[in-house]
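Structure first, commentary second.
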Amino acid sequence: MTTQNEMHPQRWGDPAAASALPESARGLIELVFGIDEKPSAQGAVPPEPVIGADGVAALAAVVGDEHVLLDDATRALRTRGKSTPDLLRARAGDLGDAPDVVVRPADQGEIERLLAVAVAHNLAVVPFGGGTSVTGGLVAARAAYDGVVSLDLVRMKALVSVDRESMTATLEPGLRGPEAEALLSEHGLTLGHYPQSFQYASIGGFAATRSSGQSSAGYGRFDALVVGLSVVTPSGTISAGSAPASAAGPDLRQVFLGSEGTLGVITSVTVRVRELPAVKEYVGWRWPSFDAGAAAMRTLAQAGLLPTVIRLSDEAETAINLADPSAIGQDNPGCLMITGFEGAPSAVAARRRAVSALLIELGGVDLGEEPGEKWAHGRFDAPYLRDSLLDVGVLVETLETATFWSNRARLYADVKAALETSLGEGSIVLCHISHVYETGCSLYFTIAAKEQDDPLAQWSVAKAAASDAMIAAGATITHHHAVGTDHKPWFAQEIGPVGVQVLRAIKSSLDPAGVLNPGVLV
């Protein structure tokens, strides 16, 4: 028994949706990196479950035997997330982090009882939505426990309610992005949250990681969309958010947004929704430099003129990803910006005119809709390209951060230099600004390098160097990928010892036995 739209255990997404590298691209890769075919291990199986029969029986007493799964295939599908290190381990046949059992509750009441069973039987519990974590957020520290339970929320996929007058909707956590949008569209509504993981990530995962979608300039980050949450903890159940704004103490919603399953299991999310857009238009712009394009983004944000989508690639990313080199000038591609406009026809036309006028005034060159439409068509495809590059021995991975506008140039230069130095000659470091605010922006880096004998160690060195550079520059360790296990040391530096003490105190109060996703975040 598997969920619909299962991802391959050694690859991103559905292998049927992937395509082989074009010969032209393969030739370029062979020239830059060389081709080194990397076959994946076949027939790998997880270790035998260590959970005792009494623990299995107690779990089954809550959800029924058919929803307690110990087979190798299901457990393999719930092993780790989809970072490049996760995929490298899986491709090498290492499924050592597999859960001992996958349990599928139907509702909040069953989750309450399952957490009680976990405490009684000393079982670690890892909430599972779509499995798209890229920071080690699904790997529990199992040493102190008598088994690890993957709490698969696949059965909790309802659109609970829609309040059209208030423009809110309540969703269950197991809904994948496309499923949530399909249910909302029946009411003429949209959430408008489209991260690159959209096709597989879940509503609960969006909340638990403070996800940010590609349309965040228009719709907002996911945490900004959340007006209410229900969360089950081992100490009891909390419902937070009873009004659009409140002065009734600290906002408890913020305790659980970004908590990555370590403080409780999110069982419902009430979100702000919008009318389904009648028009979607995406436009490309050329800028002479990354600095010039970034300055234009800042001007738009501070003028209150942001489009729904706005992204800016640096010179290196533009040169590699350019849809039509002749459209910009192959010798001097500059930097490509994508702007997107979604909504009612009159609103889209007015916003596009205003944005275009300001961008032209600032020195931008309108490239028309072709580059924008090409981006929109392939906006979820990059992870498939990563798989194809890993297949031929090219190490590819991403990381992201955010800072204030005044610190952007320093952060960009420092992280880029850290990556280039640690990865060595022949590596490629690309960057784009993925999300913007009045006060700052997010920088999203992609690296490519020839895979060495130990690619895990190779990436670990580069990741640490880049992370050190982020903290030294006064930036955040993550803008939307979350903390997981990968970012813990730098997260602790970012929030300081008192911040760590606060989080540990909350954890101790809500989860005194420490069964929820141990080893992640705190």
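Ligands are numbered from 1 in the order shown, chains are lettered A, B, ... in the order of the structure tokens, and residues start at 1 in each chain.
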
Would you pick out the contacts of Arg504 (chain A) at 10 Å or less, using only C-alpha atoms, so that residues sharing its chain but fewer than 5 positions from it are not included, and give the list as a PDB file with N, CA, C and O atoms, in the first residue's frame?
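Dumped everything to part_38.pdb:
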ATOM      1  N   LEU A 263       7.673  19.571  17.943  1.00  0.00           N
ATOM      2  CA  LEU A 263       6.866  20.042  19.065  1.00  0.00           C
ATOM      3  C   LEU A 263       5.449  19.493  19.045  1.00  0.00           C
ATOM      4  O   LEU A 263       4.774  19.506  20.071  1.00  0.00           O
ATOM      5  N   VAL A 498      20.591  31.665  24.528  1.00  0.00           N
ATOM      6  CA  VAL A 498      19.295  31.891  25.184  1.00  0.00           C
ATOM      7  C   VAL A 498      18.160  31.432  24.281  1.00  0.00           C
ATOM      8  O   VAL A 498      17.173  30.848  24.739  1.00  0.00           O
ATOM      9  N   GLY A 499      18.297  31.678  22.982  1.00  0.00           N
ATOM     10  CA  GLY A 499      17.289  31.193  22.037  1.00  0.00           C
ATOM     11  C   GLY A 499      17.176  29.685  22.058  1.00  0.00           C
ATOM     12  O   GLY A 499      16.074  29.124  22.053  1.00  0.00           O
ATOM     13  N   SER A 509       8.388  20.992  27.650  1.00  0.00           N
ATOM     14  CA  SER A 509       7.028  21.142  28.155  1.00  0.00           C
ATOM     15  C   SER A 509       6.018  20.372  27.306  1.00  0.00           C
ATOM     16  O   SER A 509       5.135  19.697  27.837  1.00  0.00           O
ATOM     17  N   LEU A 510       6.159  20.465  25.977  1.00  0.00           N
ATOM     18  CA  LEU A 510       5.176  19.846  25.089  1.00  0.00           C
ATOM     19  C   LEU A 510       5.460  18.365  24.848  1.00  0.00           C
ATOM     20  O   LEU A 510       4.542  17.581  24.596  1.00  0.00           O
ATOM     21  N   ASP A 511       6.720  17.976  24.893  1.00  0.00           N
ATOM     22  CA  ASP A 511       7.136  16.612  24.553  1.00  0.00           C
ATOM     23  C   ASP A 511       8.152  16.129  25.571  1.00  0.00           C
ATOM     24  O   ASP A 511       9.326  15.929  25.264  1.00  0.00           O
ATOM     25  N   LEU A 521      16.106  20.019  14.534  1.00  0.00           N
ATOM     26  CA  LEU A 521      15.867  21.403  14.958  1.00  0.00           C
ATOM     27  C   LEU A 521      16.582  21.755  16.255  1.00  0.00           C
ATOM     28  O   LEU A 521      17.412  22.643  16.293  1.00  0.00           O
ATOM     29  N   VAL A 522      16.238  21.074  17.369  1.00  0.00           N
ATOM     30  CA  VAL A 522      16.813  21.421  18.677  1.00  0.00           C
ATOM     31  C   VAL A 522      17.440  20.179  19.322  1.00  0.00           C
ATOM     32  O   VAL A 522      17.093  19.057  19.010  1.00  0.00           O
TER      33      VAL A 522
END

Hey, which bits of region 257-287 of chain A sit within 10 Å of region 351-364 of chain A, and for each residue what's the closest pair of atoms and how far apart in Å (one decimal), counting only C-alpha atoms, rows by chain and increasing number, as a Markdown table?
| residue | atom | partner | partner_atom | distance |
| --- | --- | --- | --- | --- |
| A:Glu281 | CA | A:Arg352 | CA | 8.8 |
| A:Tyr282 | CA | A:Arg352 | CA | 9.7 |
| A:Val283 | CA | A:Arg352 | CA | 9.3 |
| A:Gly284 | CA | A:Gly364 | CA | 9.9 |
| A:Trp285 | CA | A:Gly364 | CA | 6.2 |
| A:Arg286 | CA | A:Gly364 | CA | 5.7 |
| A:Trp287 | CA | A:Gly364 | CA | 5.4 |

C-alpha atoms of the current selection, written as a compact mmCIF listing (two decimals), in the first residue's frame:
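The result, stored in result-v1.txt:
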# COMPACT_ATOMS: atom_id res chain seq x y z
CA GLU A 281 1.22 36.46 -17.55
CA TYR A 282 5.00 35.97 -17.19
CA VAL A 283 7.55 38.35 -18.68
CA GLY A 284 11.33 38.31 -19.07
CA TRP A 285 13.61 41.30 -18.45
CA ARG A 286 17.29 41.89 -19.12
CA TRP A 287 19.58 43.76 -16.70

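Of the residues in region 43-200 of chain A, those given strand (DSSP E) by DSSP on the backbone are Val68, Leu69, Val101, Val102, Val103, Ala124, Val125, Val126, Pro127, Phe128, Val148, Val149, Ser150, Leu151, Asp152, Leu159, Val160, Ser161, Val162, Asp163, Thr168, Ala169, Thr170, Leu171, Leu189 and Thr190 of chain A.
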
Top pick for closest residue to Ala473 (chain A), considering A:Ala409, A:Val429, A:Val68, A:Ala301 and counting only C-alpha atoms: A:Ala409

For Ala92 (chain A), the nearest of the candidates A:Ala44, A:Val365, A:Ala382, A:Leu395, counting only C-alpha atoms: A:Ala44

Spatial neighbours of Ser197 (chain A), max dist 10 Å, only C-alpha atoms, sep filter under 5 positions, as a PyMOL selection string: chain A and resi 12-13+130-133+176-177+202+206+211+213+379-383

Write to file, as a CSV table (one decimal), in the first residue's frame, the residues of the selection just made, with all heavy atoms.
chain,number,residue,atom,x,y,z
A,12,TRP,N,14.1,12.0,-7.6
A,12,TRP,CA,13.1,13.0,-7.3
A,12,TRP,C,11.8,12.6,-8.1
A,12,TRP,O,11.9,12.3,-9.3
A,12,TRP,CB,13.5,14.4,-7.7
A,12,TRP,CG,12.3,15.4,-7.6
A,12,TRP,CD1,11.5,15.8,-8.6
A,12,TRP,CD2,11.9,16.0,-6.4
A,12,TRP,NE1,10.6,16.7,-8.1
A,12,TRP,CE2,10.8,16.8,-6.8
A,12,TRP,CE3,12.3,16.0,-5.1
A,12,TRP,CZ2,10.1,17.6,-5.8
A,12,TRP,CZ3,11.7,16.8,-4.2
A,12,TRP,CH2,10.6,17.6,-4.5
A,13,GLY,N,10.7,12.7,-7.5
A,13,GLY,CA,9.4,12.7,-8.3
A,13,GLY,C,9.1,11.4,-8.9
A,13,GLY,O,9.5,10.3,-8.5
A,130,GLY,N,5.0,14.9,2.5
A,130,GLY,CA,5.4,14.6,1.1
A,130,GLY,C,6.8,14.0,0.9
A,130,GLY,O,7.1,13.6,-0.1
A,131,GLY,N,7.6,14.1,2.0
A,131,GLY,CA,8.9,13.5,1.9
A,131,GLY,C,9.9,14.4,1.1
A,131,GLY,O,10.9,13.9,0.6
A,132,THR,N,9.7,15.7,1.0
A,132,THR,CA,10.5,16.6,0.1
A,132,THR,C,11.6,17.3,0.9
A,132,THR,O,12.3,18.2,0.4
A,132,THR,CB,9.7,17.6,-0.6
A,132,THR,OG1,9.0,18.4,0.3
A,132,THR,CG2,8.6,16.9,-1.5
A,133,SER,N,11.8,17.0,2.2
A,133,SER,CA,12.8,17.6,3.0
A,133,SER,C,14.2,17.6,2.3
A,133,SER,O,14.6,16.6,1.8
A,133,SER,CB,12.9,17.0,4.4
A,133,SER,OG,14.0,17.5,5.1
A,176,ARG,N,-1.4,17.0,-0.7
A,176,ARG,CA,-0.3,17.5,-1.5
A,176,ARG,C,-0.7,18.9,-2.1
A,176,ARG,O,-1.9,19.2,-2.2
A,176,ARG,CB,0.1,16.5,-2.5
A,176,ARG,CG,0.4,15.1,-2.0
A,176,ARG,CD,1.8,15.1,-1.3
A,176,ARG,NE,2.1,13.8,-0.8
A,176,ARG,CZ,2.7,12.8,-1.5
A,176,ARG,NH1,3.0,12.9,-2.7
A,176,ARG,NH2,3.0,11.6,-0.9
A,177,GLY,N,0.3,19.6,-2.6
A,177,GLY,CA,0.0,20.9,-3.2
A,177,GLY,C,-1.0,20.8,-4.3
A,177,GLY,O,-2.0,21.6,-4.3
A,202,SER,N,3.4,18.7,1.1
A,202,SER,CA,2.1,18.7,1.7
A,202,SER,C,1.8,20.0,2.5
A,202,SER,O,2.7,20.8,2.9
A,202,SER,CB,1.9,17.5,2.7
A,202,SER,OG,2.8,17.7,3.8
A,206,PHE,N,4.3,22.3,4.5
A,206,PHE,CA,4.5,23.8,4.2
A,206,PHE,C,4.5,24.6,5.5
A,206,PHE,O,5.3,25.5,5.7
A,206,PHE,CB,3.3,24.3,3.4
A,206,PHE,CG,3.2,23.8,2.0
A,206,PHE,CD1,2.0,23.7,1.3
A,206,PHE,CD2,4.4,23.4,1.3
A,206,PHE,CE1,1.9,23.3,0.0
A,206,PHE,CE2,4.3,22.9,0.0
A,206,PHE,CZ,3.1,22.9,-0.7
A,211,SER,N,7.5,27.2,4.6
A,211,SER,CA,7.8,27.2,3.2
A,211,SER,C,7.5,28.5,2.5
A,211,SER,O,6.7,29.3,3.0
A,211,SER,CB,6.9,26.1,2.6
A,211,SER,OG,7.0,26.1,1.2
A,213,GLY,N,6.8,30.0,-1.5
A,213,GLY,CA,6.6,29.6,-2.8
A,213,GLY,C,7.1,30.6,-3.9
A,213,GLY,O,7.4,31.7,-3.5
A,379,ARG,N,8.9,25.3,-14.2
A,379,ARG,CA,9.2,25.8,-12.9
A,379,ARG,C,9.4,24.7,-11.8
A,379,ARG,O,10.0,24.9,-10.8
A,379,ARG,CB,8.1,26.7,-12.4
A,379,ARG,CG,6.7,26.1,-12.2
A,379,ARG,CD,5.6,27.1,-12.1
A,379,ARG,NE,5.8,28.0,-11.0
A,379,ARG,CZ,4.8,28.9,-10.7
A,379,ARG,NH1,3.7,29.1,-11.4
A,379,ARG,NH2,5.0,29.7,-9.6
A,380,PHE,N,8.9,23.5,-12.1
A,380,PHE,CA,9.1,22.4,-11.1
A,380,PHE,C,10.0,21.3,-11.6
A,380,PHE,O,10.1,20.2,-11.0
A,380,PHE,CB,7.7,21.7,-10.9
A,380,PHE,CG,6.6,22.7,-10.4
A,380,PHE,CD1,5.4,22.8,-11.1
A,380,PHE,CD2,6.8,23.6,-9.4
A,380,PHE,CE1,4.4,23.7,-10.7
A,380,PHE,CE2,5.9,24.5,-9.0
A,380,PHE,CZ,4.7,24.5,-9.7
A,381,ASP,N,10.8,21.6,-12.7
A,381,ASP,CA,11.6,20.5,-13.3
A,381,ASP,C,13.0,20.4,-12.8
A,381,ASP,O,13.7,19.4,-13.1
A,381,ASP,CB,11.6,20.7,-14.8
A,381,ASP,CG,10.2,20.5,-15.4
A,381,ASP,OD1,9.3,19.9,-14.7
A,381,ASP,OD2,10.0,20.9,-16.6
A,382,ALA,N,13.6,21.4,-12.1
A,382,ALA,CA,15.0,21.4,-11.8
A,382,ALA,C,15.4,20.1,-11.1
A,382,ALA,O,16.5,19.6,-11.3
A,382,ALA,CB,15.3,22.6,-11.0
A,383,PRO,N,14.6,19.6,-10.1
A,383,PRO,CA,15.1,18.4,-9.4
A,383,PRO,C,15.3,17.2,-10.4
A,383,PRO,O,16.1,16.3,-10.1
A,383,PRO,CB,14.0,18.1,-8.4
A,383,PRO,CG,13.4,19.5,-8.1
A,383,PRO,CD,13.4,20.1,-9.5

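The closest residue to Asp100 (chain A), picked from A:Arg210, A:His435, A:Arg78, A:Lys463 and counting only C-alpha atoms, is A:Arg78.
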
Helix (DSSP H, G or I) positions in region 95-133 of chain A, given as a PyMOL selection string: chain A and resi 108-121

Kindly export the residues of the current selection with all heavy atoms, as a CSV table (one decimal), in the first residue's frame.
chain,number,residue,atom,x,y,z
A,108,GLN,N,-7.5,13.4,13.9
A,108,GLN,CA,-6.8,14.0,15.1
A,108,GLN,C,-6.8,13.1,16.3
A,108,GLN,O,-5.9,12.9,17.0
A,108,GLN,CB,-7.4,15.3,15.4
A,108,GLN,CG,-6.7,16.0,16.6
A,108,GLN,CD,-7.2,17.5,16.7
A,108,GLN,OE1,-6.8,18.3,15.9
A,108,GLN,NE2,-7.9,17.8,17.8
A,109,GLY,N,-8.0,12.5,16.5
A,109,GLY,CA,-8.1,11.6,17.7
A,109,GLY,C,-7.2,10.4,17.6
A,109,GLY,O,-6.6,10.0,18.6
A,110,GLU,N,-7.0,9.8,16.4
A,110,GLU,CA,-6.0,8.7,16.3
A,110,GLU,C,-4.6,9.2,16.6
A,110,GLU,O,-3.8,8.5,17.2
A,110,GLU,CB,-6.2,8.1,14.9
A,110,GLU,CG,-7.5,7.3,14.8
A,110,GLU,CD,-7.5,6.4,13.5
A,110,GLU,OE1,-6.6,6.5,12.7
A,110,GLU,OE2,-8.5,5.6,13.3
A,111,ILE,N,-4.3,10.4,16.1
A,111,ILE,CA,-2.9,10.9,16.4
A,111,ILE,C,-2.7,11.1,17.9
A,111,ILE,O,-1.6,10.8,18.4
A,111,ILE,CB,-2.7,12.2,15.6
A,111,ILE,CG1,-2.7,11.9,14.1
A,111,ILE,CG2,-1.4,12.9,16.0
A,111,ILE,CD1,-2.5,13.2,13.2
A,112,GLU,N,-3.7,11.6,18.6
A,112,GLU,CA,-3.6,11.8,20.0
A,112,GLU,C,-3.3,10.4,20.7
A,112,GLU,O,-2.4,10.3,21.5
A,112,GLU,CB,-4.9,12.4,20.6
A,112,GLU,CG,-5.1,13.8,20.2
A,112,GLU,CD,-6.5,14.3,20.5
A,112,GLU,OE1,-7.4,13.5,20.9
A,112,GLU,OE2,-6.7,15.5,20.5
A,113,ARG,N,-4.0,9.4,20.3
A,113,ARG,CA,-3.8,8.1,20.9
A,113,ARG,C,-2.4,7.5,20.4
A,113,ARG,O,-1.8,6.8,21.2
A,113,ARG,CB,-4.9,7.1,20.5
A,113,ARG,CG,-6.3,7.6,21.1
A,113,ARG,CD,-7.4,6.6,21.1
A,113,ARG,NE,-7.8,6.3,19.7
A,113,ARG,CZ,-8.7,7.0,19.0
A,113,ARG,NH1,-9.2,8.1,19.6
A,113,ARG,NH2,-9.0,6.6,17.8
A,114,LEU,N,-2.0,7.7,19.2
A,114,LEU,CA,-0.8,7.2,18.7
A,114,LEU,C,0.4,7.8,19.5
A,114,LEU,O,1.4,7.1,19.8
A,114,LEU,CB,-0.6,7.5,17.2
A,114,LEU,CG,-1.4,6.6,16.3
A,114,LEU,CD1,-1.4,7.1,14.9
A,114,LEU,CD2,-1.0,5.1,16.4
A,115,LEU,N,0.3,9.1,19.8
A,115,LEU,CA,1.4,9.7,20.5
A,115,LEU,C,1.5,9.1,22.0
A,115,LEU,O,2.6,9.0,22.5
A,115,LEU,CB,1.3,11.2,20.6
A,115,LEU,CG,1.5,12.0,19.2
A,115,LEU,CD1,1.5,13.5,19.5
A,115,LEU,CD2,2.7,11.5,18.5
A,116,ALA,N,0.3,8.8,22.5
A,116,ALA,CA,0.3,8.2,23.8
A,116,ALA,C,1.0,6.8,23.8
A,116,ALA,O,1.8,6.4,24.7
A,116,ALA,CB,-1.1,8.1,24.4
A,117,VAL,N,0.7,6.1,22.7
A,117,VAL,CA,1.4,4.8,22.5
A,117,VAL,C,2.9,4.9,22.4
A,117,VAL,O,3.7,4.2,22.9
A,117,VAL,CB,0.8,4.1,21.3
A,117,VAL,CG1,1.7,2.8,20.9
A,117,VAL,CG2,-0.6,3.6,21.5
A,118,ALA,N,3.3,6.0,21.6
A,118,ALA,CA,4.7,6.2,21.4
A,118,ALA,C,5.4,6.5,22.7
A,118,ALA,O,6.5,6.0,22.9
A,118,ALA,CB,4.9,7.4,20.4
A,119,VAL,N,4.8,7.3,23.5
A,119,VAL,CA,5.4,7.6,24.8
A,119,VAL,C,5.5,6.3,25.7
A,119,VAL,O,6.5,6.0,26.3
A,119,VAL,CB,4.7,8.7,25.6
A,119,VAL,CG1,5.1,8.9,27.0
A,119,VAL,CG2,4.8,10.0,24.8
A,120,ALA,N,4.4,5.6,25.7
A,120,ALA,CA,4.4,4.4,26.6
A,120,ALA,C,5.4,3.3,26.1
A,120,ALA,O,5.9,2.6,26.9
A,120,ALA,CB,3.0,3.8,26.5
A,121,HIS,N,5.7,3.2,24.8
A,121,HIS,CA,6.5,2.2,24.3
A,121,HIS,C,7.9,2.7,23.8
A,121,HIS,O,8.7,2.0,23.2
A,121,HIS,CB,5.9,1.5,23.1
A,121,HIS,CG,4.7,0.6,23.5
A,121,HIS,ND1,4.8,-0.7,23.8
A,121,HIS,CD2,3.4,1.0,23.7
A,121,HIS,CE1,3.6,-1.2,24.1
A,121,HIS,NE2,2.7,-0.2,24.1
